[in-house]
file protein-v2.cif (mmCIF, C-alpha atoms and all ligand atoms)
data_query
#
loop_
_atom_site.label_atom_id
_atom_site.label_comp_id
_atom_site.auth_asym_id
_atom_site.auth_seq_id
_atom_site.Cartn_x
_atom_site.Cartn_y
_atom_site.Cartn_z
CA MET A 185 22.35 18.15 -2.50
CA ILE A 186 19.32 16.59 -4.25
CA ASP A 187 21.44 13.71 -5.57
CA HIS A 188 21.90 12.61 -1.95
CA THR A 189 18.34 11.30 -1.86
CA GLY A 190 19.76 7.81 -2.54
CA ARG A 191 21.78 8.01 0.66
CA ILE A 192 18.64 8.85 2.63
CA VAL A 193 16.67 5.88 1.31
CA ILE A 194 19.65 3.51 1.70
CA GLU A 195 20.15 4.63 5.31
CA LEU A 196 16.51 3.93 6.06
CA ILE A 197 16.61 0.36 4.73
CA GLU A 198 20.13 -0.28 6.05
CA SER A 199 18.82 0.39 9.55
CA CYS A 200 16.96 -2.95 9.19
CA GLY A 201 19.68 -5.11 7.59
CA THR A 202 22.32 -5.50 4.90
CA VAL A 203 22.05 -3.74 1.54
CA GLY A 204 24.33 -5.37 -1.03
CA SER A 205 25.93 -3.61 -3.99
CA LYS A 206 23.25 -4.51 -6.59
CA LEU A 207 20.32 -3.32 -4.46
CA ARG A 208 22.27 -0.18 -3.51
CA GLU A 209 22.94 0.63 -7.17
CA ILE A 210 19.27 0.10 -8.13
CA VAL A 211 18.00 2.29 -5.28
CA GLU A 212 20.51 5.10 -5.84
CA LYS A 213 19.72 5.35 -9.56
CA ALA A 214 15.97 5.13 -8.93
CA CYS A 215 16.07 8.00 -6.43
CA VAL A 216 17.61 10.37 -8.94
CA ARG A 217 15.14 9.20 -11.62
CA THR A 218 12.14 9.71 -9.31
CA LEU A 219 12.94 13.35 -8.47
CA ASP A 220 10.15 15.46 -9.92
CA SER A 221 10.78 18.87 -11.43
CA ARG A 222 9.54 20.72 -8.35
CA MET A 223 12.08 18.89 -6.19
CA ILE A 224 14.87 19.66 -8.62
CA ILE A 225 13.89 23.32 -9.04
CA GLU A 226 12.79 24.30 -5.54
CA GLY A 227 13.93 21.61 -3.15
CA GLU A 228 16.90 21.46 -0.88
CA LEU A 229 17.54 18.67 1.58
CA ARG A 230 17.66 19.61 5.22
CA ASP A 231 20.82 18.73 7.06
CA ARG A 232 20.15 15.81 9.31
CA ASP A 233 18.81 17.00 12.61
CA GLY A 234 19.73 14.45 15.26
CA LYS A 235 17.22 15.76 17.77
CA ARG A 236 14.37 15.62 15.25
CA ASP A 237 15.30 12.09 14.21
CA ALA A 238 15.42 10.93 17.81
CA ALA A 239 11.97 12.45 18.44
CA ALA A 240 10.60 10.82 15.30
CA ALA A 241 12.12 7.49 16.33
CA LYS A 242 10.17 7.46 19.62
CA GLY A 243 7.17 5.41 18.76
CA TYR A 244 4.17 3.89 20.39
CA PRO A 245 3.15 0.23 20.46
CA ILE A 246 1.67 -1.10 17.25
CA GLY A 247 -1.00 -2.83 19.37
CA GLU A 248 -3.20 -5.73 18.45
CA ILE A 249 -2.72 -7.26 15.00
CA PRO A 250 -4.07 -10.47 13.51
CA ASP A 251 -2.36 -13.73 14.32
CA SER A 252 1.03 -13.97 12.56
CA GLY A 253 0.33 -17.65 11.75
CA GLU A 254 -2.16 -16.49 9.11
CA ILE A 255 0.33 -14.42 7.12
CA GLU A 256 2.98 -17.14 7.49
CA SER A 257 0.61 -19.65 5.92
CA ILE A 258 -0.15 -17.22 3.03
CA ILE A 259 3.62 -16.76 2.47
CA GLU A 260 4.18 -20.53 2.53
CA GLY A 261 1.19 -21.26 0.26
CA THR A 262 2.38 -18.61 -2.21
CA ARG A 263 5.82 -20.24 -2.33
CA ARG A 264 4.15 -23.55 -3.28
CA GLU A 265 1.37 -22.34 -5.63
CA GLY A 266 1.98 -18.68 -6.50
CA ILE A 267 0.10 -15.68 -5.15
CA GLY A 268 -3.08 -16.31 -7.22
CA PRO A 269 -4.80 -18.98 -5.09
CA HIS A 270 -3.86 -17.07 -1.91
CA PHE A 271 -4.74 -13.56 -3.01
CA ASN A 272 -8.24 -13.58 -1.54
CA SER A 273 -6.86 -14.68 1.84
CA LEU A 274 -4.34 -11.84 1.61
CA ILE A 275 -7.05 -9.26 0.78
CA THR A 276 -9.15 -10.50 3.71
CA TYR A 277 -6.12 -10.39 6.01
CA PHE A 278 -5.45 -6.75 5.00
CA TRP A 279 -9.15 -5.89 5.29
CA VAL A 280 -9.16 -7.16 8.87
CA ILE A 281 -6.08 -4.99 9.63
CA ILE A 282 -7.76 -1.94 8.09
CA ALA A 283 -10.98 -2.65 10.03
CA MET A 284 -9.04 -3.07 13.29
CA THR A 285 -7.09 0.15 12.83
CA SER A 286 -9.73 2.46 11.32
CA THR A 287 -11.54 3.09 14.58
CA ALA A 288 -10.89 2.85 18.28
CA GLU A 289 -14.53 1.90 18.88
CA LYS A 290 -14.52 -1.81 19.69
CA GLN A 291 -18.18 -2.34 18.77
CA LYS A 292 -17.67 -0.97 15.24
CA VAL A 293 -14.58 -3.15 14.78
CA GLU A 294 -16.54 -6.20 15.95
CA GLU A 295 -19.37 -5.42 13.49
CA LEU A 296 -16.89 -5.25 10.59
CA LEU A 297 -15.06 -8.39 11.65
CA GLY A 298 -18.43 -10.12 12.09
CA LEU A 299 -19.06 -9.69 8.35
CA ILE A 300 -15.84 -11.54 7.55
CA ARG A 301 -16.62 -14.28 10.10
CA ARG A 302 -19.94 -14.79 8.26
CA GLY A 303 -17.86 -15.58 5.16
CA LEU A 304 -18.57 -12.27 3.38
CA LYS A 305 -15.84 -10.55 1.35
CA GLY A 306 -14.74 -6.94 1.76
CA CYS A 307 -12.85 -4.49 -0.43
CA PHE A 308 -10.94 -1.32 0.36
CA LEU A 309 -11.74 1.73 -1.76
CA MET A 310 -9.18 4.53 -1.69
CA THR A 311 -8.00 5.30 -5.25
CA ASP A 312 -10.28 8.08 -6.54
CA ARG A 313 -11.35 9.11 -10.03
CA GLY A 314 -10.45 12.70 -9.03
CA GLY A 315 -6.71 11.87 -8.95
CA PRO A 316 -4.00 11.33 -6.34
CA SER A 317 -4.54 14.55 -4.36
CA MET A 318 -7.41 14.34 -1.85
CA ASN A 319 -8.32 17.97 -2.60
CA THR A 320 -9.56 16.92 -6.03
CA TRP A 321 -11.30 13.68 -5.00
CA ILE A 322 -14.83 13.26 -6.33
CA SER A 323 -15.77 10.97 -3.45
CA GLN A 324 -16.90 13.02 -0.47
CA THR A 325 -19.23 13.17 2.48
CA ILE A 326 -21.75 15.91 3.30
CA VAL A 327 -23.20 15.72 6.81
CA LYS A 328 -26.78 16.96 7.41
CA ASP A 329 -28.07 16.30 10.92
CA ASP A 330 -27.39 12.56 11.39
CA ASP A 331 -27.37 11.82 7.64
CA HIS A 332 -24.00 11.34 5.99
CA LEU A 333 -24.57 11.76 2.25
CA LEU A 334 -21.74 10.04 0.40
CA THR A 335 -20.83 10.56 -3.25
CA ILE A 336 -18.57 7.68 -4.30
CA ASP A 337 -16.44 7.38 -7.44
CA LYS A 338 -13.65 4.96 -6.68
CA LEU A 339 -11.26 3.10 -8.98
CA HIS A 340 -9.25 -0.11 -8.96
CA GLY A 341 -10.49 -1.78 -5.77
CA MET A 342 -9.47 -5.42 -5.48
CA ASN A 343 -12.55 -7.64 -5.84
CA ALA A 344 -14.74 -4.51 -5.72
CA VAL A 345 -17.30 -6.05 -8.12
CA GLN A 346 -17.43 -9.50 -6.51
CA CYS A 347 -17.39 -8.55 -2.83
CA ASP A 348 -20.18 -7.86 -0.34
CA CYS A 349 -19.02 -4.91 1.74
CA ALA A 350 -16.39 -2.14 1.70
CA ILE A 351 -14.31 0.28 3.69
CA VAL A 352 -14.26 3.55 1.76
CA VAL A 353 -12.10 6.66 2.24
CA VAL A 354 -13.68 9.95 1.13
CA ARG A 355 -12.96 13.67 1.20
CA ASN A 356 -14.33 15.44 4.25
CA PRO A 357 -14.89 19.05 3.06
CA GLY A 358 -13.53 21.54 5.57
CA SER A 359 -11.08 19.05 7.06
CA PHE A 360 -7.60 18.12 5.85
CA LEU A 361 -8.20 14.56 7.04
CA PRO A 362 -10.32 12.11 5.03
CA ALA A 363 -13.39 10.40 6.45
CA VAL A 364 -13.57 6.60 6.53
CA TYR A 365 -16.85 4.64 6.40
CA GLY A 366 -17.81 1.00 6.58
CA LEU A 367 -20.34 0.01 3.91
CA LYS A 368 -22.39 -3.01 5.01
CA PRO A 369 -23.86 -5.38 2.36
CA GLU A 370 -27.28 -3.66 2.13
CA LYS A 371 -25.60 -0.29 1.42
CA TYR A 372 -22.83 -1.62 -0.82
CA ALA A 373 -25.36 -3.52 -2.98
CA GLY A 374 -26.93 -0.20 -4.12
CA LEU A 375 -23.75 1.07 -5.81
CA GLU A 376 -22.84 0.70 -9.49
CA LYS A 377 -19.83 -1.57 -10.12
CA HIS A 378 -17.74 -2.30 -13.19
CA ALA A 379 -14.70 -4.49 -13.79
CA ALA A 380 -11.50 -2.54 -14.53
CA GLY A 381 -9.01 -4.13 -16.92
CA ASP A 382 -8.06 -7.78 -17.20
CA ALA A 383 -7.80 -10.05 -14.17
CA TRP A 384 -4.47 -10.49 -12.34
CA PHE A 385 -2.42 -13.45 -11.17
CA ASP A 386 -3.68 -16.18 -13.48
CA GLY A 387 -7.27 -14.88 -13.26
CA HIS A 388 -7.56 -14.91 -9.47
CA VAL A 389 -8.08 -11.16 -8.82
CA GLN A 390 -10.24 -8.63 -10.64
CA LEU A 391 -10.04 -4.90 -9.96
CA GLY A 392 -13.25 -2.89 -10.09
CA ASN A 393 -14.64 0.65 -10.10
CA VAL A 394 -17.50 1.65 -7.80
CA LYS A 395 -19.80 4.62 -8.22
CA GLY A 396 -22.98 6.04 -6.73
CA LYS A 397 -24.60 7.87 -3.84
CA VAL A 398 -25.48 6.41 -0.49
CA THR A 399 -26.84 7.81 2.77
CA LEU A 400 -25.23 6.52 5.95
CA SER A 401 -25.57 7.30 9.63
CA SER A 402 -22.86 8.45 12.02
CA ASN A 403 -22.75 4.83 13.27
CA GLU A 404 -21.22 3.82 9.97
CA LYS A 405 -18.45 6.40 10.19
CA LEU A 406 -15.25 4.86 11.47
CA ILE A 407 -13.76 7.48 13.72
CA GLY A 408 -10.07 7.83 13.16
CA GLY A 409 -8.09 9.67 10.57
CA GLY A 410 -4.78 11.36 11.31
CA PHE A 411 -1.37 9.76 11.50
CA ALA A 412 -2.01 6.79 13.75
CA PRO A 413 -4.44 4.55 11.79
CA VAL A 414 -2.82 5.14 8.40
CA ALA A 415 0.67 4.65 9.83
CA LYS A 416 -0.45 1.48 11.51
CA GLN A 417 -2.10 0.06 8.39
CA LEU A 418 0.90 0.82 6.20
CA SER A 419 3.44 -0.38 8.75
CA ILE A 420 1.67 -3.71 9.07
CA CYS A 421 0.51 -4.32 5.48
CA ARG A 422 3.48 -3.16 3.37
CA PRO A 423 6.26 -5.44 4.67
CA ARG A 424 3.84 -8.37 4.59
CA LEU A 425 2.82 -7.64 0.99
CA VAL A 426 6.52 -7.44 0.04
CA ARG A 427 7.18 -10.77 1.78
CA VAL A 428 4.25 -12.49 0.00
CA ALA A 429 5.32 -11.00 -3.35
CA LEU A 430 8.86 -12.34 -2.81
CA SER A 431 7.42 -15.83 -2.34
CA HIS A 432 5.54 -15.37 -5.61
CA LEU A 433 8.88 -14.65 -7.33
CA GLN A 434 10.29 -17.87 -5.86
CA TRP A 435 7.30 -19.76 -7.26
CA LEU A 436 7.67 -18.13 -10.70
CA THR A 437 11.36 -19.13 -10.67
CA GLY A 438 10.46 -22.73 -9.78
CA CYS A 439 8.00 -22.81 -12.72
CA GLY A 440 10.66 -21.54 -15.14
CA ARG A 441 8.65 -18.33 -15.72
CA LEU A 442 11.38 -16.16 -14.17
CA ARG A 443 15.13 -16.53 -14.74
CA LEU A 444 17.09 -14.48 -12.24
CA SER A 445 20.73 -13.42 -12.49
CA GLY A 446 22.98 -14.06 -9.48
CA PHE A 447 22.95 -10.29 -8.78
CA HIS A 448 19.15 -10.18 -8.70
CA GLN A 449 19.04 -13.29 -6.49
CA GLN A 450 21.32 -11.56 -3.99
CA ALA A 451 19.25 -8.36 -4.08
CA LEU A 452 16.06 -10.38 -3.50
CA ALA A 453 17.69 -12.14 -0.53
CA ASP A 454 18.57 -8.69 0.89
CA ILE A 455 15.00 -7.42 0.46
CA THR A 456 13.58 -10.62 2.01
CA ALA A 457 15.69 -10.10 5.15
CA LEU A 458 14.73 -6.40 5.29
CA ALA A 459 11.00 -7.19 4.96
CA GLU A 460 11.24 -9.88 7.65
CA ALA A 461 12.96 -7.42 9.98
CA GLN A 462 10.18 -4.88 9.40
CA MET A 463 7.51 -7.52 10.05
CA ARG A 464 8.94 -7.75 13.57
CA PHE A 465 8.41 -4.02 14.33
CA ASP A 466 6.23 -3.63 17.40
CA VAL A 467 6.42 0.16 17.56
CA ILE A 468 5.32 2.80 15.05
CA SER A 469 6.57 6.34 14.60
CA PRO A 470 7.18 8.71 11.66
CA TYR A 471 10.67 7.14 11.43
CA THR A 472 9.42 3.53 11.22
CA LEU A 473 6.88 4.67 8.64
CA ASP A 474 9.70 6.14 6.54
CA ARG A 475 11.52 2.81 6.77
CA VAL A 476 8.39 1.10 5.46
CA HIS A 477 8.17 3.62 2.57
CA ALA A 478 11.87 2.99 1.83
CA LEU A 479 11.32 -0.77 1.80
CA LYS A 480 8.38 -0.56 -0.64
CA PHE A 481 10.32 1.90 -2.83
CA SER A 482 13.36 -0.42 -2.96
CA PHE A 483 11.20 -3.48 -3.60
CA ASN A 484 9.32 -1.69 -6.43
CA GLU A 485 12.56 -0.63 -8.07
CA LEU A 486 14.12 -4.07 -7.78
CA LEU A 487 11.03 -5.61 -9.44
CA LEU A 488 11.21 -3.00 -12.18
CA ASP A 489 14.90 -3.78 -12.73
CA ILE A 490 14.10 -7.50 -12.95
CA VAL A 491 11.33 -6.90 -15.50
CA LEU A 492 13.53 -4.55 -17.55
CA SER A 493 16.35 -7.11 -17.59
CA GLY A 494 14.14 -9.46 -19.64
CA ALA A 495 14.06 -12.09 -16.88
CA VAL A 496 10.27 -12.59 -17.13
CA SER A 497 9.22 -14.25 -20.36
CA ASP A 498 5.39 -13.94 -20.31
CA LEU A 499 3.57 -10.62 -20.68
CA PRO A 500 0.87 -11.42 -18.05
CA ASP A 501 3.63 -12.18 -15.50
CA ARG A 502 5.36 -8.90 -16.37
CA ARG A 503 2.04 -7.06 -15.90
CA ASP A 504 1.50 -8.79 -12.53
CA LEU A 505 4.94 -7.72 -11.31
CA LEU A 506 4.38 -4.15 -12.48
CA GLY A 507 1.02 -4.21 -10.65
CA LEU A 508 2.84 -5.17 -7.44
CA THR A 509 5.00 -2.06 -7.85
CA LYS A 510 1.85 0.11 -7.63
CA MET A 511 -0.21 -1.74 -5.02
CA GLU A 512 0.18 -0.40 -1.46
CA GLY A 513 2.42 2.43 -2.66
CA SER A 514 4.03 3.33 -5.97
CA SER A 515 7.68 4.39 -5.95
CA TYR A 516 6.78 8.03 -6.60
CA ARG A 517 4.28 8.06 -3.74
CA CYS A 518 6.75 6.41 -1.28
CA PHE A 519 9.56 8.74 -2.38
CA LEU A 520 7.34 11.82 -1.95
CA GLU A 521 6.45 10.75 1.59
CA ILE A 522 10.09 10.20 2.56
CA MET A 523 11.29 13.47 1.06
CA ALA A 524 8.34 15.55 2.33
CA ARG A 525 9.95 15.67 5.78
CA ARG A 526 13.47 16.20 4.47
CA MET A 527 13.19 18.79 1.71
CA VAL A 528 12.74 22.47 2.34
CA ARG A 529 11.47 24.61 -0.50
CA LYS A 530 13.61 27.59 -1.47
C1 LIG B 601 -2.93 -5.02 -8.49
C2 LIG B 601 -3.45 -3.72 -7.95
C3 LIG B 601 -4.30 -3.74 -6.85
C4 LIG B 601 -4.84 -2.53 -6.37
N1 LIG B 601 -5.73 -2.57 -5.34
C5 LIG B 601 -6.32 -1.43 -4.90
C6 LIG B 601 -7.34 -1.48 -3.89
O1 LIG B 601 -7.71 -2.55 -3.40
N2 LIG B 601 -7.89 -0.31 -3.49
C7 LIG B 601 -7.50 0.88 -4.00
O2 LIG B 601 -8.04 1.90 -3.57
N3 LIG B 601 -6.56 0.96 -4.98
C8 LIG B 601 -5.96 -0.17 -5.43
N4 LIG B 601 -5.02 -0.13 -6.44
C9 LIG B 601 -4.62 1.17 -6.98
C10 LIG B 601 -3.26 1.54 -6.42
O3 LIG B 601 -3.34 1.76 -5.02
C11 LIG B 601 -2.74 2.78 -7.11
O4 LIG B 601 -2.61 2.45 -8.46
C12 LIG B 601 -1.40 3.16 -6.53
O5 LIG B 601 -1.58 3.62 -5.19
C13 LIG B 601 -0.74 4.21 -7.31
O6 LIG B 601 -1.56 5.35 -7.27
P1 LIG B 601 -1.00 6.77 -7.38
O7 LIG B 601 -2.15 7.66 -7.61
O8 LIG B 601 -0.16 7.05 -6.19
O9 LIG B 601 -0.18 6.64 -8.74
P2 LIG B 601 1.27 7.02 -9.06
O10 LIG B 601 1.67 6.18 -10.20
O11 LIG B 601 2.15 7.06 -7.89
O12 LIG B 601 1.05 8.49 -9.56
C14 LIG B 601 0.56 9.56 -8.74
C15 LIG B 601 0.49 10.80 -9.55
O13 LIG B 601 1.76 11.37 -9.67
C16 LIG B 601 2.17 11.41 -11.02
N5 LIG B 601 3.57 10.89 -11.05
C17 LIG B 601 3.96 9.62 -10.98
N6 LIG B 601 5.31 9.53 -11.03
C18 LIG B 601 5.78 10.79 -11.13
C19 LIG B 601 7.08 11.38 -11.20
N7 LIG B 601 8.21 10.67 -11.17
N8 LIG B 601 7.16 12.73 -11.27
C20 LIG B 601 6.05 13.49 -11.27
N9 LIG B 601 4.80 12.99 -11.21
C21 LIG B 601 4.65 11.67 -11.14
C22 LIG B 601 1.20 10.53 -11.80
O14 LIG B 601 0.98 11.09 -13.05
C23 LIG B 601 -0.04 10.56 -10.95
O15 LIG B 601 -0.86 11.62 -11.30
C24 LIG B 601 -4.47 -1.29 -6.96
C25 LIG B 601 -3.58 -1.29 -8.03
C26 LIG B 601 -3.08 -2.47 -8.53
C27 LIG B 601 -2.15 -2.43 -9.71
#
call {"tool": "encode", "arguments": {"input": "protein-v2.cif", "output": "structure tokens"}}
result
Amino acid sequence: MIDHTGRIVIELIESCGTVGSKLREIVEKACVRTLDSRMIIEGELRDRDGKRDAAAAKGYPIGEIPDSGEIESIIEGTRREGIGPHFNSLITYFWVIIAMTSTAEKQKVEELLGLIRRGLKGCFLMTDRGGPSMNTWISQTIVKDDDHLLTIDKLHGMNAVQCDCAIVVVRNPGSFLPAVYGLKPEKYAGLEKHAAGDAWFDGHVQLGNVKGKVTLSSNEKLIGGGFAPVAKQLSICRPRLVRVALSHLQWLTGCGRLRLSGFHQQALADITALAEAQMRFDVISPYTLDRVHALKFSFNELLLDIVLSGAVSDLPDRRDLLGLTKMEGSSYRCFLEIMARRMVRK
């Protein structure tokens, strides 16, 4: 039963377009390789439950998102010049999406967007030194009267050292949902920041680690949490990141830094059409979220297959492509999310 995981992921992406033989082969093999030992030992796939799927497919409107012209111009610019010169615009575009979806309170959204309109730069801090499970995160909030005492120890935020403000996700002891805060420049300035690793994309992006303690008020807490904001952010950001990354591959090819086989070219054309279809989603639901996880998983695995085939000559380009397989969802993380609703433990 567990070796049918490939069928599940293929069905999810096939619901948005055509999946040719090369992409199918890559995804099927990757699914078996990504099974962890717990899944193999304890897991069994549920039989498909039509009623459950239909319920999950019923979504609600994705609502307001930034102007699509902006992402189209980033995609076009990346095709001409690579992702590097456009990465900061992409980060800002995603930051605006995160700000717009992290709270339903219009005034708080306006305050965050006001920072960007003033020309300030924001980063998003999620990855925690405590590891992937929120239960072991070091970053947390303790609320005493109106004081929110935050301990922050975050890793690998894009432009975290160079930027002015942040949206940070921390553990909220006693709740299974994280808390999300907006850190304005005066608060963000007080934290310790260090560059992490070498820069990416021809020196255009630097990841950074951020650490320290800061006291905030309830005004700085972005109310939200739960399925809706996260689902919305992922549903909007992931297909757009995939689309921009695909333009970067086109640019690398034009520069002679990437030599693709005919099979890989076909698989990339398939993924491009799938990402474009997902960019047109105007409804979100657990089912559409699974389709987004399946898209990122398939894209990651195709990139990995391209790198492994020896098609990318320069080491920094190989590192950049591997970085894209982790950003906004590693394969393991996407696979876990898809299978979490389909595997029962024995
Ligand atoms: C270019 C770039 C930009 C980034 N920007 C940001 C940013 O702006 N903000 C931010 O917060 N983070 C950022 N990150 C970090 C990124 O989000 C994480 O690296 C990514 O989400 C993967 O994290 P993960 O913990 O899910 O790692 P994974 O690699 O998915 O691993 C999760 C855990 O599961 C284990 N595991 C992995 N695979 C398996 C397997 N097959 N079986 C069993 N166990 C497994 C791992 O050991 C690990 O402990 C960026 C990363 C890169 C490369």
call {"tool": "residues_around", "arguments": {"input": "protein-v2.cif", "residues": "region 305-307 of chain A", "least_positions_apart": "2", "cutoff": "12 Å", "atoms": "all atoms listed in the file", "output": "ChimeraX atom specification"}}
result
/A:272-283,296-303,309-311,338-353,366-369,372,389-394
call {"tool": "atom_distance", "arguments": {"input": "protein-v2.cif", "atom1": "CA of Met284 (chain A)", "atom2": "CA of Asn484 (chain A)"}}
result
27.0 Å
call {"tool": "atom_distance", "arguments": {"input": "protein-v2.cif", "atom1": "CA of His332 (chain A)", "atom2": "CA of Ser402 (chain A)"}}
result
6.8 Å
call {"tool": "atom_distance", "arguments": {"input": "protein-v2.cif", "atom1": "CA of Ala459 (chain A)", "atom2": "CA of Leu488 (chain A)"}}
result
17.6 Å
call {"tool": "closest_atom_pairs", "arguments": {"input": "protein-v2.cif", "of": "region 376-489 of chain A", "to": "region 316-330 of chain A", "cutoff": "9 Å", "atoms": "all atoms listed in the file", "output": "Markdown table"}}
result
| residue | atom | partner | partner_atom | distance |
| --- | --- | --- | --- | --- |
| A:Lys395 | CA | A:Ser323 | CA | 8.9 |
| A:Leu400 | CA | A:Asp330 | CA | 8.4 |
| A:Ser401 | CA | A:Asp330 | CA | 5.8 |
| A:Ser402 | CA | A:Asp330 | CA | 6.1 |
call {"tool": "residues_around", "arguments": {"input": "protein-v2.cif", "residues": "Asp386 (chain A)", "least_positions_apart": "6", "cutoff": "10 Å", "atoms": "all atoms listed in the file", "output": "ChimeraX atom specification"}}
result
/A:266-269,500-501,504
call {"tool": "residues_around", "arguments": {"input": "protein-v2.cif", "residues": "Gln462 (chain A)", "least_positions_apart": "3", "cutoff": "8 Å", "atoms": "only C-alpha atoms", "output": "VMD selection string"}}
result
chain A and resid 200 423 458 to 459 465 476
call {"tool": "build_atoms", "arguments": {"input": "protein-v2.cif", "residues": "region 448-462 of chain A", "atoms": "N, CA and C atoms", "output": "compact mmCIF listing (two decimals), in the frame of the given file"}}
result
# COMPACT_ATOMS: atom_id res chain seq x y z
N HIS A 448 20.54 -10.39 -9.13
CA HIS A 448 19.15 -10.18 -8.70
C HIS A 448 18.79 -11.12 -7.55
N GLN A 449 19.33 -12.35 -7.60
CA GLN A 449 19.04 -13.29 -6.49
C GLN A 449 19.55 -12.73 -5.17
N GLN A 450 20.75 -12.14 -5.21
CA GLN A 450 21.32 -11.56 -3.99
C GLN A 450 20.47 -10.39 -3.50
N ALA A 451 20.06 -9.53 -4.46
CA ALA A 451 19.25 -8.36 -4.08
C ALA A 451 17.91 -8.80 -3.48
N LEU A 452 17.32 -9.88 -4.05
CA LEU A 452 16.06 -10.38 -3.50
C LEU A 452 16.25 -10.95 -2.10
N ALA A 453 17.41 -11.61 -1.88
CA ALA A 453 17.69 -12.14 -0.53
C ALA A 453 17.82 -10.97 0.45
N ASP A 454 18.45 -9.87 0.02
CA ASP A 454 18.57 -8.69 0.89
C ASP A 454 17.19 -8.15 1.26
N ILE A 455 16.34 -7.99 0.22
CA ILE A 455 15.00 -7.42 0.46
C ILE A 455 14.17 -8.35 1.35
N THR A 456 14.33 -9.67 1.17
CA THR A 456 13.58 -10.62 2.01
C THR A 456 13.94 -10.40 3.47
N ALA A 457 15.25 -10.29 3.75
CA ALA A 457 15.69 -10.10 5.15
C ALA A 457 15.19 -8.76 5.70
N LEU A 458 15.19 -7.72 4.84
CA LEU A 458 14.73 -6.40 5.29
C LEU A 458 13.23 -6.44 5.61
N ALA A 459 12.45 -7.11 4.73
CA ALA A 459 11.00 -7.19 4.96
C ALA A 459 10.72 -7.98 6.24
N GLU A 460 11.47 -9.08 6.44
CA GLU A 460 11.24 -9.88 7.65
C GLU A 460 11.55 -9.07 8.90
N ALA A 461 12.61 -8.27 8.82
CA ALA A 461 12.96 -7.42 9.98
C ALA A 461 11.83 -6.44 10.26
N GLN A 462 11.26 -5.86 9.19
CA GLN A 462 10.18 -4.88 9.40
C GLN A 462 8.89 -5.54 9.88
